[in-house]
$ cat my_file26.txt   # compact mmCIF, C-alpha atoms
# COMPACT_ATOMS: atom_id res chain seq x y z
CA MET A 10 -7.66 -30.21 -14.20
CA THR A 11 -6.70 -26.71 -13.08
CA ALA A 12 -7.27 -26.07 -9.36
CA TYR A 13 -7.36 -22.84 -7.33
CA ASP A 14 -7.64 -22.02 -3.68
CA TYR A 15 -9.91 -19.15 -4.69
CA ALA A 16 -12.00 -18.85 -7.85
CA ILE A 17 -13.76 -15.58 -8.65
CA VAL A 18 -16.49 -15.26 -11.27
CA GLY A 19 -16.58 -11.63 -12.35
CA ASN A 20 -14.06 -8.88 -13.03
CA SER A 21 -15.49 -5.62 -11.78
CA ALA A 22 -15.48 -3.68 -8.48
CA ALA A 23 -16.54 -6.53 -6.18
CA ALA A 24 -14.17 -9.05 -7.77
CA VAL A 25 -11.07 -6.84 -7.76
CA ASN A 26 -11.60 -5.57 -4.22
CA ALA A 27 -12.07 -9.16 -3.10
CA CYS A 28 -8.71 -9.99 -4.68
CA ASP A 29 -7.04 -7.12 -2.81
CA ALA A 30 -8.55 -8.19 0.51
CA LEU A 31 -7.84 -11.91 0.27
CA ARG A 32 -4.29 -11.26 -0.96
CA ALA A 33 -3.66 -9.10 2.12
CA ARG A 34 -4.56 -12.09 4.33
CA ASP A 35 -3.27 -14.89 2.13
CA PRO A 36 -0.28 -13.90 -0.05
CA ARG A 37 0.32 -17.45 -1.34
CA GLY A 38 -3.07 -18.97 -2.09
CA THR A 39 -3.76 -19.53 -5.78
CA VAL A 40 -6.39 -17.30 -7.36
CA GLY A 41 -8.23 -17.69 -10.65
CA LEU A 42 -10.43 -14.84 -11.91
CA PHE A 43 -12.90 -15.38 -14.75
CA GLY A 44 -14.14 -12.34 -16.66
CA GLU A 45 -16.54 -12.49 -19.62
CA GLU A 46 -15.28 -9.28 -21.20
CA LYS A 47 -11.98 -8.93 -23.03
CA TYR A 48 -10.82 -6.01 -20.89
CA ARG A 49 -9.02 -5.86 -17.60
CA CYS A 50 -11.13 -4.32 -14.85
CA TYR A 51 -12.51 -0.90 -15.80
CA SER A 52 -14.86 1.61 -14.19
CA ARG A 53 -18.32 1.10 -15.66
CA PRO A 54 -19.66 4.42 -14.32
CA LEU A 55 -17.16 6.19 -16.59
CA ILE A 56 -18.46 4.95 -19.95
CA SER A 57 -20.60 8.07 -20.46
CA TYR A 58 -17.53 10.25 -19.88
CA LEU A 59 -15.60 8.19 -22.45
CA VAL A 60 -18.32 8.73 -25.04
CA ALA A 61 -18.49 12.44 -24.21
CA GLY A 62 -14.73 12.77 -24.71
CA GLU A 63 -14.05 13.82 -21.13
CA ILE A 64 -11.66 10.91 -20.50
CA ASN A 65 -9.56 8.69 -22.74
CA THR A 66 -9.31 4.92 -22.76
CA GLN A 67 -6.51 4.88 -20.20
CA GLY A 68 -8.75 6.77 -17.79
CA MET A 69 -11.25 3.90 -17.90
CA TYR A 70 -9.09 1.33 -16.14
CA TYR A 71 -9.65 0.58 -12.45
CA ARG A 72 -6.26 -1.05 -11.94
CA PRO A 73 -2.88 -0.74 -13.77
CA SER A 74 -1.95 -3.09 -16.60
CA GLY A 75 0.29 -5.26 -14.42
CA TYR A 76 -2.28 -5.68 -11.65
CA TYR A 77 -3.16 -9.36 -12.12
CA ARG A 78 0.45 -10.42 -12.56
CA SER A 79 1.67 -8.43 -9.55
CA MET A 80 -1.09 -9.94 -7.40
CA GLY A 81 -0.37 -13.49 -8.56
CA ILE A 82 -3.83 -13.86 -10.13
CA ASP A 83 -4.57 -16.05 -13.15
CA PHE A 84 -6.82 -13.80 -15.23
CA HIS A 85 -9.06 -15.78 -17.58
CA LYS A 86 -10.00 -12.97 -19.96
CA GLY A 87 -13.09 -13.32 -22.13
CA VAL A 88 -14.15 -16.55 -20.43
CA ARG A 89 -17.76 -17.15 -19.39
CA VAL A 90 -18.52 -19.55 -16.57
CA GLU A 91 -21.58 -21.59 -17.50
CA ASP A 92 -22.02 -23.94 -14.56
CA ILE A 93 -20.84 -24.64 -11.02
CA ASP A 94 -20.97 -27.92 -9.11
CA PRO A 95 -21.05 -26.98 -5.41
CA LYS A 96 -20.64 -30.56 -4.16
CA ARG A 97 -17.58 -31.40 -6.22
CA LYS A 98 -16.36 -27.77 -6.12
CA ILE A 99 -15.94 -27.52 -9.88
CA LEU A 100 -16.83 -24.74 -12.31
CA VAL A 101 -17.26 -25.26 -16.05
CA THR A 102 -16.48 -22.59 -18.64
CA ALA A 103 -18.16 -22.01 -22.00
CA GLN A 104 -15.07 -23.54 -23.61
CA GLY A 105 -15.64 -26.74 -21.65
CA GLU A 106 -12.74 -26.28 -19.23
CA ARG A 107 -13.32 -27.74 -15.78
CA VAL A 108 -11.72 -25.91 -12.86
CA LYS A 109 -11.49 -27.06 -9.25
CA TRP A 110 -11.80 -24.54 -6.41
CA ARG A 111 -11.63 -24.45 -2.61
CA LYS A 112 -13.51 -21.17 -2.11
CA LEU A 113 -15.70 -19.49 -4.74
CA LEU A 114 -16.92 -15.91 -5.10
CA LEU A 115 -19.84 -15.04 -7.36
CA ALA A 116 -19.39 -11.40 -8.40
CA THR A 117 -21.55 -11.76 -11.48
CA GLY A 118 -22.95 -8.22 -11.56
CA PHE A 119 -26.09 -7.20 -13.40
CA THR A 120 -27.63 -7.46 -16.83
CA PRO A 121 -29.78 -4.85 -18.61
CA PHE A 122 -33.52 -5.33 -18.27
CA ILE A 123 -35.17 -5.33 -21.69
CA PRO A 124 -38.94 -4.81 -21.47
CA PRO A 125 -41.35 -6.69 -23.75
CA ILE A 126 -42.12 -3.91 -26.26
CA GLU A 127 -43.87 -4.83 -29.48
CA GLY A 128 -41.43 -4.70 -32.40
CA LEU A 129 -38.29 -4.44 -30.26
CA ASP A 130 -36.85 -7.62 -31.77
CA GLU A 131 -37.10 -6.05 -35.22
CA VAL A 132 -35.10 -2.89 -34.54
CA HIS A 133 -31.46 -2.29 -33.70
CA TYR A 134 -30.82 -0.96 -30.21
CA LEU A 135 -28.02 -0.40 -27.72
CA THR A 136 -27.79 -0.86 -24.01
CA PHE A 137 -25.40 1.37 -22.06
CA VAL A 138 -23.69 -0.65 -19.35
CA SER A 139 -20.37 -1.77 -20.86
CA TRP A 140 -17.27 -0.56 -22.66
CA ASP A 141 -18.44 -2.34 -25.82
CA ASP A 142 -21.71 -0.39 -25.59
CA ALA A 143 -19.68 2.83 -25.43
CA LYS A 144 -17.64 1.82 -28.48
CA ARG A 145 -20.79 1.07 -30.45
CA MET A 146 -22.26 4.42 -29.47
CA LEU A 147 -19.10 6.24 -30.55
CA ARG A 148 -19.20 4.49 -33.92
CA LEU A 149 -22.90 5.18 -34.50
CA THR A 150 -22.57 8.89 -33.60
CA SER A 151 -19.65 9.61 -35.94
CA LYS A 152 -22.18 11.80 -37.78
CA PRO A 153 -25.21 13.70 -36.39
CA VAL A 154 -28.12 11.45 -35.45
CA SER A 155 -31.50 11.62 -33.77
CA ALA A 156 -31.30 9.47 -30.67
CA LEU A 157 -34.09 8.05 -28.53
CA VAL A 158 -33.31 6.93 -24.99
CA VAL A 159 -35.98 4.76 -23.34
CA GLY A 160 -35.64 5.10 -19.58
CA ALA A 161 -34.67 8.11 -17.46
CA GLY A 162 -32.80 6.44 -14.62
CA LEU A 163 -29.14 7.10 -13.98
CA ILE A 164 -28.00 5.00 -16.96
CA GLY A 165 -30.50 6.56 -19.34
CA MET A 166 -29.81 10.15 -18.31
CA LYS A 167 -26.03 9.71 -18.52
CA ALA A 168 -26.50 8.11 -21.94
CA ALA A 169 -28.55 11.14 -23.00
CA GLU A 170 -25.87 13.53 -21.76
CA ALA A 171 -23.14 11.58 -23.59
CA LEU A 172 -25.19 11.53 -26.81
CA HIS A 173 -25.73 15.28 -26.54
CA ALA A 174 -21.97 15.75 -26.24
CA ARG A 175 -21.60 13.79 -29.48
CA GLY A 176 -23.89 16.23 -31.27
CA ALA A 177 -26.99 14.04 -31.31
CA ALA A 178 -30.54 15.36 -31.10
CA VAL A 179 -31.77 13.52 -28.01
CA THR A 180 -35.23 12.55 -26.76
CA VAL A 181 -35.70 10.70 -23.47
CA VAL A 182 -38.92 8.78 -22.74
CA GLU A 183 -39.72 7.69 -19.18
CA LYS A 184 -42.81 5.72 -18.19
CA MET A 185 -42.83 7.14 -14.66
CA GLU A 186 -43.80 10.73 -13.95
CA ARG A 187 -40.29 12.18 -13.67
CA VAL A 188 -36.64 11.61 -14.45
CA LEU A 189 -34.42 9.74 -11.98
CA PRO A 190 -37.48 8.61 -10.00
CA MET A 191 -35.59 6.17 -7.75
CA ALA A 192 -32.56 8.33 -6.96
CA LEU A 193 -34.18 11.76 -6.52
CA ASP A 194 -37.37 13.38 -5.27
CA ALA A 195 -39.76 15.46 -7.38
CA LYS A 196 -37.98 18.81 -6.84
CA ALA A 197 -34.51 17.50 -7.64
CA SER A 198 -35.86 15.58 -10.65
CA ALA A 199 -37.39 18.81 -11.95
CA LEU A 200 -34.04 20.60 -11.58
CA VAL A 201 -32.29 17.92 -13.63
CA ALA A 202 -35.02 17.88 -16.28
CA GLU A 203 -34.88 21.68 -16.50
CA ARG A 204 -31.11 21.62 -16.94
CA CYS A 205 -31.39 18.97 -19.67
CA GLY A 206 -34.18 20.87 -21.41
CA ALA A 207 -32.07 24.03 -21.46
CA LYS A 208 -29.44 22.05 -23.39
CA GLY A 209 -31.98 20.92 -25.97
CA ILE A 210 -32.72 17.41 -24.69
CA GLN A 211 -36.43 16.64 -25.00
CA VAL A 212 -37.80 14.77 -21.99
CA VAL A 213 -41.14 12.95 -22.14
CA THR A 214 -42.38 11.53 -18.83
CA GLY A 215 -45.47 9.65 -17.70
CA GLU A 216 -45.65 7.74 -20.95
CA GLY A 217 -44.01 4.54 -22.16
CA VAL A 218 -43.25 3.16 -25.61
CA SER A 219 -46.02 0.87 -26.83
CA ARG A 220 -44.61 -0.13 -30.23
CA LEU A 221 -41.43 0.07 -32.30
CA GLU A 222 -41.20 -0.08 -36.08
CA PRO A 223 -37.99 -0.62 -38.10
CA LYS A 224 -37.24 1.89 -40.87
CA GLY A 225 -34.07 0.43 -42.32
CA ALA A 226 -30.48 0.21 -40.97
CA ALA A 227 -30.55 1.43 -37.35
CA LYS A 228 -33.47 3.77 -38.00
CA GLY A 229 -36.89 3.27 -36.51
CA LEU A 230 -40.11 4.77 -35.23
CA ALA A 231 -41.35 4.65 -31.64
CA VAL A 232 -45.07 4.94 -30.96
CA LEU A 233 -45.82 6.13 -27.44
CA GLU A 234 -48.74 4.99 -25.33
CA GLY A 235 -50.57 8.24 -26.04
CA GLY A 236 -50.15 7.83 -29.80
CA ALA A 237 -47.28 10.28 -30.41
CA GLU A 238 -44.55 9.11 -32.76
CA ILE A 239 -40.79 9.65 -32.44
CA ALA A 240 -38.43 8.84 -35.31
CA PHE A 241 -34.88 7.84 -34.41
CA ASP A 242 -31.56 6.94 -35.99
CA LEU A 243 -30.26 5.42 -32.76
CA LEU A 244 -32.19 3.67 -29.97
CA VAL A 245 -30.85 3.17 -26.44
CA MET A 246 -32.73 0.88 -24.07
CA ALA A 247 -32.00 1.98 -20.48
CA VAL A 248 -35.07 0.83 -18.56
CA GLY A 249 -33.12 -0.74 -15.72
CA VAL A 250 -30.92 -3.64 -14.66
CA ARG A 251 -31.41 -7.01 -13.01
CA PRO A 252 -28.94 -9.00 -10.85
CA ARG A 253 -27.31 -11.90 -12.64
CA THR A 254 -28.30 -14.85 -10.53
CA GLU A 255 -28.49 -17.64 -13.09
CA LEU A 256 -25.30 -19.41 -11.95
CA ALA A 257 -26.37 -19.28 -8.31
CA GLU A 258 -29.88 -20.47 -9.10
CA LYS A 259 -28.61 -23.44 -11.12
CA ALA A 260 -26.42 -24.40 -8.15
CA GLY A 261 -29.39 -24.30 -5.77
CA ILE A 262 -28.43 -21.09 -3.93
CA PRO A 263 -31.47 -19.10 -2.68
CA CYS A 264 -31.98 -16.00 -4.81
CA ALA A 265 -34.85 -13.71 -3.79
CA ALA A 266 -34.34 -10.72 -6.11
CA GLY A 267 -30.59 -11.27 -5.71
CA ILE A 268 -28.14 -13.85 -4.37
CA GLU A 269 -28.87 -14.15 -0.66
CA VAL A 270 -25.86 -13.80 1.66
CA ASP A 271 -25.27 -13.62 5.40
CA GLU A 272 -23.30 -10.95 7.27
CA TYR A 273 -20.03 -12.50 6.05
CA GLN A 274 -21.10 -12.43 2.37
CA ARG A 275 -21.54 -16.22 2.48
CA THR A 276 -24.31 -17.88 0.52
CA ALA A 277 -26.34 -20.82 1.84
CA LEU A 278 -23.86 -23.25 0.26
CA GLU A 279 -20.57 -23.97 1.99
CA ASP A 280 -17.50 -22.09 0.70
CA ILE A 281 -19.48 -20.06 -1.84
CA TYR A 282 -19.66 -16.29 -1.37
CA ALA A 283 -21.34 -13.52 -3.34
CA ALA A 284 -20.77 -9.77 -3.57
CA GLY A 285 -21.63 -6.78 -5.70
CA ASP A 286 -24.57 -5.97 -7.93
CA ALA A 287 -25.92 -9.54 -7.84
CA ALA A 288 -25.84 -9.90 -4.05
CA ARG A 289 -28.66 -9.14 -1.63
CA ALA A 290 -26.87 -7.82 1.46
CA MET A 291 -27.78 -5.65 4.44
CA ASP A 292 -29.03 -2.11 3.76
CA VAL A 293 -28.54 -0.07 6.95
CA VAL A 294 -31.39 2.35 6.21
CA MET A 295 -33.97 -0.26 5.28
CA GLY A 296 -32.78 -2.55 8.08
CA GLU A 297 -33.04 -5.57 5.80
CA PRO A 298 -31.17 -7.12 2.88
CA ALA A 299 -31.41 -5.43 -0.50
CA VAL A 300 -29.60 -5.25 -3.83
CA ASN A 301 -27.74 -1.93 -4.13
CA ALA A 302 -26.30 -1.93 -7.66
CA LEU A 303 -23.77 0.82 -6.96
CA TRP A 304 -20.01 0.84 -7.52
CA PRO A 305 -18.93 1.81 -3.95
CA VAL A 306 -21.29 -0.77 -2.43
CA ALA A 307 -19.92 -3.50 -4.72
CA ALA A 308 -16.35 -2.54 -3.80
CA LEU A 309 -17.11 -2.71 -0.07
CA GLN A 310 -18.92 -6.03 -0.30
CA GLY A 311 -16.05 -7.45 -2.33
CA LYS A 312 -13.59 -6.36 0.34
CA TYR A 313 -15.46 -8.18 3.10
CA ALA A 314 -16.05 -11.26 0.94
CA GLY A 315 -12.32 -11.45 0.19
CA MET A 316 -11.30 -11.10 3.84
CA ASN A 317 -13.72 -13.82 4.90
CA MET A 318 -12.83 -16.18 2.06
CA ALA A 319 -9.24 -15.97 3.29
CA GLY A 320 -10.17 -17.06 6.81
CA GLY A 321 -11.62 -13.94 8.40
CA GLU A 322 -14.85 -13.71 10.37
CA ILE A 323 -15.52 -10.04 9.80
CA PRO A 324 -19.17 -9.00 9.36
CA TYR A 325 -20.07 -6.67 6.53
CA PRO A 326 -21.27 -3.43 8.19
CA GLY A 327 -23.99 -2.84 5.64
CA CYS A 328 -24.36 0.08 3.30
CA ASN A 329 -27.04 2.29 1.84
CA SER A 330 -28.10 3.51 -1.55
CA MET A 331 -25.96 6.49 -2.56
CA ASN A 332 -25.74 8.29 -5.89
CA ALA A 333 -23.34 11.09 -6.81
CA VAL A 334 -23.63 12.37 -10.36
CA GLU A 335 -23.53 15.59 -12.39
CA PHE A 336 -25.74 16.70 -15.26
CA PHE A 337 -24.54 19.61 -17.37
CA GLY A 338 -22.71 21.17 -14.46
CA LEU A 339 -25.43 20.48 -11.88
CA PRO A 340 -24.01 18.16 -9.17
CA VAL A 341 -26.58 15.96 -7.46
CA LEU A 342 -26.00 13.65 -4.51
CA SER A 343 -28.47 11.43 -2.69
CA ALA A 344 -28.05 8.86 0.05
CA GLY A 345 -30.40 6.59 1.95
CA MET A 346 -34.13 7.18 1.71
CA VAL A 347 -35.10 10.26 -0.29
CA ASN A 348 -38.75 9.35 -0.98
CA PRO A 349 -40.19 8.23 2.39
CA PRO A 350 -43.22 5.94 2.12
CA ASP A 351 -45.47 7.62 4.70
CA SER A 352 -45.98 10.58 7.03
CA SER A 353 -44.11 8.99 9.94
CA TYR A 354 -40.91 10.44 8.50
CA GLN A 355 -39.87 14.05 9.05
CA ILE A 356 -38.64 16.03 6.05
CA ILE A 357 -36.56 19.19 6.31
CA SER A 358 -35.72 20.95 3.06
CA ARG A 359 -34.26 24.20 1.79
CA GLN A 360 -34.26 25.63 -1.71
CA GLY A 361 -32.00 28.46 -2.83
CA GLU A 362 -30.99 30.20 -6.01
CA ASP A 363 -29.30 28.76 -9.10
CA GLY A 364 -30.73 25.28 -8.64
CA GLU A 365 -29.53 24.81 -5.07
CA TYR A 366 -31.71 22.37 -3.15
CA ARG A 367 -31.11 20.44 0.08
CA LYS A 368 -33.21 17.92 1.93
CA VAL A 369 -32.87 15.51 4.84
CA VAL A 370 -35.24 12.73 5.92
CA LEU A 371 -35.48 11.61 9.55
CA LYS A 372 -37.17 8.71 11.29
CA GLY A 373 -37.59 9.93 14.84
CA ASP A 374 -34.16 11.27 15.76
CA VAL A 375 -32.26 9.18 13.23
CA LEU A 376 -31.13 10.59 9.88
CA VAL A 377 -32.14 8.10 7.18
CA GLY A 378 -31.80 10.08 3.96
CA MET A 379 -30.35 13.17 2.35
CA LEU A 380 -30.40 14.89 -1.02
CA MET A 381 -28.38 17.79 -2.35
CA ALA A 382 -28.42 19.52 -5.71
CA GLY A 383 -26.15 22.39 -6.64
CA LYS A 384 -24.02 22.75 -3.52
CA ILE A 385 -22.93 19.40 -2.12
CA GLU A 386 -19.94 20.43 0.00
CA ARG A 387 -21.32 19.11 3.32
CA ALA A 388 -22.72 15.88 1.94
CA GLY A 389 -19.93 13.72 3.37
CA ILE A 390 -20.77 14.19 7.04
CA LEU A 391 -24.49 13.65 6.41
CA THR A 392 -23.74 10.44 4.54
CA SER A 393 -21.63 9.20 7.46
CA LEU A 394 -24.43 10.01 9.92
CA ILE A 395 -26.83 7.94 7.81
CA GLN A 396 -24.40 5.04 7.68
CA GLU A 397 -23.88 5.18 11.46
CA ARG A 398 -27.62 5.51 12.16
CA ALA A 399 -26.59 8.31 14.49
CA ASN A 400 -29.00 10.11 16.82
CA VAL A 401 -29.15 13.70 15.55
CA ARG A 402 -31.77 15.06 17.93
CA ARG A 403 -29.52 17.85 19.16
CA VAL A 404 -28.42 18.97 15.69
CA LYS A 405 -31.61 18.59 13.64
CA ASN A 406 -31.95 22.32 13.13
CA PHE A 407 -28.41 22.64 11.76
CA LEU A 408 -28.27 19.72 9.34
CA LEU A 409 -28.85 21.87 6.26
CA ASP A 410 -26.62 24.77 7.30
CA GLU A 411 -23.74 25.40 4.90
CA GLY A 412 -21.28 25.28 7.78
CA PHE A 413 -22.70 22.15 9.41
CA GLY A 414 -19.99 19.87 10.83
CA HIS A 415 -18.57 18.37 13.99
CA ILE A 416 -18.67 21.79 15.66
CA ASN A 417 -22.48 21.49 15.83
CA PHE A 418 -22.33 18.41 18.07
CA PRO A 419 -22.09 18.58 21.89
CA ARG A 420 -18.50 18.56 23.10
CA SER A 421 -18.62 14.97 24.41
CA VAL A 422 -20.03 13.65 21.13
CA ARG A 423 -17.62 15.77 19.11
CA ARG A 424 -14.64 14.43 21.06
CA GLY A 425 -15.82 10.85 20.58
CA ARG A 426 -16.25 11.25 16.83
CA ILE A 427 -12.84 12.88 16.47
CA GLU A 428 -11.20 10.16 18.55
CA GLU A 429 -12.87 7.50 16.41
CA GLY A 430 -11.58 9.22 13.30
CA VAL A 431 -8.03 9.41 14.66
CA ALA A 432 -8.18 5.74 15.69
CA GLY A 433 -9.35 4.82 12.21
CA LEU A 434 -6.48 6.75 10.62
CA LYS A 435 -3.94 5.06 12.92
CA GLU A 436 -5.39 1.64 12.12
CA ALA A 437 -5.22 2.36 8.38
CA ALA A 438 -1.62 3.55 8.68
CA THR A 439 -0.65 0.44 10.67
CA LYS A 440 -2.25 -1.82 8.08
CA ALA A 441 -0.45 0.00 5.29
CA VAL A 442 2.94 -0.45 7.03
CA ARG A 443 2.26 -4.14 7.75
CA GLY A 444 0.89 -4.79 4.27
CA GLY A 445 -2.51 -5.89 5.52
$ encode --input "my_file26.txt" --output "structure tokens"
Amino acid sequence: MTAYDYAIVGNSAAAVNACDALRARDPRGTVGLFGEEKYRCYSRPLISYLVAGEINTQGMYYRPSGYYRSMGIDFHKGVRVEDIDPKRKILVTAQGERVKWRKLLLATGFTPFIPPIEGLDEVHYLTFVSWDDAKRMLRLTSKPVSALVVGAGLIGMKAAEALHARGAAVTVVEKMERVLPMALDAKASALVAERCGAKGIQVVTGEGVSRLEPKGAAKGLAVLEGGAEIAFDLLVMAVGVRPRTELAEKAGIPCAAGIEVDEYQRTALEDIYAAGDAARAMDVVMGEPAVNALWPVAALQGKYAGMNMAGGEIPYPGCNSMNAVEFFGLPVLSAGMVNPPDSSYQIISRQGEDGEYRKVVLKGDVLVGMLMAGKIERAGILTSLIQERANVRRVKNFLLDEGFGHINFPRSVRRGRIEEGVAGLKEAATKAVRGG
């Protein structure tokens, strides 16, 4: 029976960053990584750019071809883990192989949510979350098609943009009242919808699909809740995603809308950790655990899980929901809470020409959210203030100024922030020299 000091289920941002972190602390421990897909780690957020022709296949990879070998990692490519025995510390693959482990990381990611629409089982459809999805889309758009995208979240809107780049006639249907309802507010959503409409993408909001009818091959007909009909040659289901918790649940790990972890990314079972899109970890804005299915969050959680698997006791600092994306040349960035639930939050906003829009959300004197569309040059410092839960009472009136920066803080605060930044750079340089 094969045995590893560290076994990792998953092969995306959380898994690979965990490998980097644990290798820095333990250069000799054996590592086995199990990935369901046939590819080495790639950047899932880039699949729309691959379809659109903006990057090539080499641009998709997150690590170089020799990564696993150079890190001393046994990469089990195209291998699905079907079961884990936490008491005996054994995992079982779909091929029936039994593998022993000392520490285990579940970086199982997410799976597309497919809603129960009448007739969906009778039509051909794509999801848009993997490299294989991108390849299928490229093949099916080798000639002009009429495409229907169900769902106007980030995945759906990037799928629509990629399809447009392939010459497809695109319609997007969203059950909620606006596009990108979770990531943006009403004004920013309208800016994105307007930009998409100007490019010829038809956007239907406030109405879901009630029925689907097959019309041969990949063709079909969608009947909306209001009775309107939309014919399509290609259907993309992009309603949302759900954390993959089935392995954890079978093992008896608590999973309340995600695999529950403590501040060290540990689950309730000894020597089992979780990180990434399946993990429910601390959100600094909400002040409670949440699933943030975002690439940078997964990478950070993986880093802390890896350090702690290798013997560290380093608490994960928490993160917040952040989205940075561009639609037809309109950059949009949001972080933290952009749609506050009640009037106890203060909103400051500013709208300019050419689609420029800025907004910050405060709870008392603490910045808890920000949103920028058009010009996003000063987004970095606002994002850091949200992450730090900094008191911004003295600089509230300057937060949306184009020149906002450290100069707006009182001298004592400014000096402290600069000193912290210098200390952080020195620490990073020292770690780089020492290899850890």
$ closest_atom_pairs --input "my_file26.txt" --of "region 213-258 of chain A" --to "region 277-283 of chain A" --cutoff "12 Å" --atoms "only C-alpha atoms" --output "tab-separated table"
residue	atom	partner	partner_atom	distance
A:Pro252	CA	A:Ala283	CA	11.6
A:Arg253	CA	A:Ala283	CA	11.2
A:Thr254	CA	A:Ala283	CA	10.1
A:Leu256	CA	A:Ala283	CA	11.2
A:Ala257	CA	A:Ala283	CA	9.1
A:Glu258	CA	A:Leu278	CA	11.5
$ atom_distance --input "my_file26.txt" --atom1 "CA of Val306 (chain A)" --atom2 "CA of Leu391 (chain A)"
17.2 Å
$ closest_residue --input "my_file26.txt" --among "A:Cys328, A:Leu172, A:Met146, A:Met80" --to "Arg398 (chain A)" --atoms "all atoms listed in the file"
A:Cys328
$ closest_residue --input "my_file26.txt" --among "A:Arg251, A:Arg107, A:Lys405, A:Arg148" --to "Val369 (chain A)" --atoms "all atoms listed in the file"
A:Lys405
$ residues_near_point --input "my_file26.txt" --point "(-14.9, -15.0, -18.1)" --cutoff "10 Å" --atoms "only C-alpha atoms" --output "PDB file with C-alpha atoms, in the coordinates of the input"
ATOM      1  CA  ILE A  17     -13.760 -15.580  -8.650  1.00  0.00           C
ATOM      2  CA  VAL A  18     -16.490 -15.260 -11.270  1.00  0.00           C
ATOM      3  CA  GLY A  19     -16.580 -11.630 -12.350  1.00  0.00           C
ATOM      4  CA  ASN A  20     -14.060  -8.880 -13.030  1.00  0.00           C
ATOM      5  CA  LEU A  42     -10.430 -14.840 -11.910  1.00  0.00           C
ATOM      6  CA  PHE A  43     -12.900 -15.380 -14.750  1.00  0.00           C
ATOM      7  CA  GLY A  44     -14.140 -12.340 -16.660  1.00  0.00           C
ATOM      8  CA  GLU A  45     -16.540 -12.490 -19.620  1.00  0.00           C
ATOM      9  CA  GLU A  46     -15.280  -9.280 -21.200  1.00  0.00           C
ATOM     10  CA  LYS A  47     -11.980  -8.930 -23.030  1.00  0.00           C
ATOM     11  CA  PHE A  84      -6.820 -13.800 -15.230  1.00  0.00           C
ATOM     12  CA  HIS A  85      -9.060 -15.780 -17.580  1.00  0.00           C
ATOM     13  CA  LYS A  86     -10.000 -12.970 -19.960  1.00  0.00           C
ATOM     14  CA  GLY A  87     -13.090 -13.320 -22.130  1.00  0.00           C
ATOM     15  CA  VAL A  88     -14.150 -16.550 -20.430  1.00  0.00           C
ATOM     16  CA  ARG A  89     -17.760 -17.150 -19.390  1.00  0.00           C
ATOM     17  CA  VAL A  90     -18.520 -19.550 -16.570  1.00  0.00           C
ATOM     18  CA  GLU A  91     -21.580 -21.590 -17.500  1.00  0.00           C
ATOM     19  CA  THR A 102     -16.480 -22.590 -18.640  1.00  0.00           C
ATOM     20  CA  ALA A 103     -18.160 -22.010 -22.000  1.00  0.00           C
ATOM     21  CA  THR A 117     -21.550 -11.760 -11.480  1.00  0.00           C
TER      22      THR A 117
END
$ closest_residue --input "my_file26.txt" --among "A:Lys312, A:Lys144, A:Lys196, A:Lys184" --to "Thr66 (chain A)" --atoms "only C-alpha atoms"
A:Lys144
$ residues_around --input "my_file26.txt" --residues "Val375 (chain A)" --least-positions-apart "6" --cutoff "10 Å" --atoms "all atoms listed in the file" --output "tab-separated table (two decimals) with C-alpha atoms, keeping the file's coordinate frame"
chain	number	residue	atom	x	y	z
A	294	VAL	CA	-31.39	2.35	6.21
A	354	TYR	CA	-40.91	10.44	8.50
A	355	GLN	CA	-39.87	14.05	9.05
A	394	LEU	CA	-24.43	10.01	9.92
A	395	ILE	CA	-26.83	7.94	7.81
A	397	GLU	CA	-23.88	5.18	11.46
A	398	ARG	CA	-27.62	5.51	12.16
A	399	ALA	CA	-26.59	8.31	14.49
A	400	ASN	CA	-29.00	10.11	16.82
A	401	VAL	CA	-29.15	13.70	15.55
A	402	ARG	CA	-31.77	15.06	17.93
A	405	LYS	CA	-31.61	18.59	13.64
$ closest_residue --input "my_file26.txt" --among "A:Ile323, A:Ala169, A:Ala197, A:Leu303" --to "Tyr366 (chain A)" --atoms "only C-alpha atoms"
A:Ala197
$ atom_distance --input "my_file26.txt" --atom1 "CA of Tyr58 (chain A)" --atom2 "CA of Met185 (chain A)"
26.0 Å
$ residues_around --input "my_file26.txt" --residues "region 186-190 of chain A" --least-positions-apart "6" --cutoff "10 Å" --atoms "only C-alpha atoms" --output "MDAnalysis selection string"
chainID A and resid 160:166 196:202 212:216 348
$ closest_residue --input "my_file26.txt" --among "A:Gly81, A:Gly249, A:Gly364, A:Pro73" --to "Ile123 (chain A)" --atoms "all atoms listed in the file"
A:Gly249
$ atom_distance --input "my_file26.txt" --atom1 "CA of Met381 (chain A)" --atom2 "CA of Gly62 (chain A)"
26.7 Å
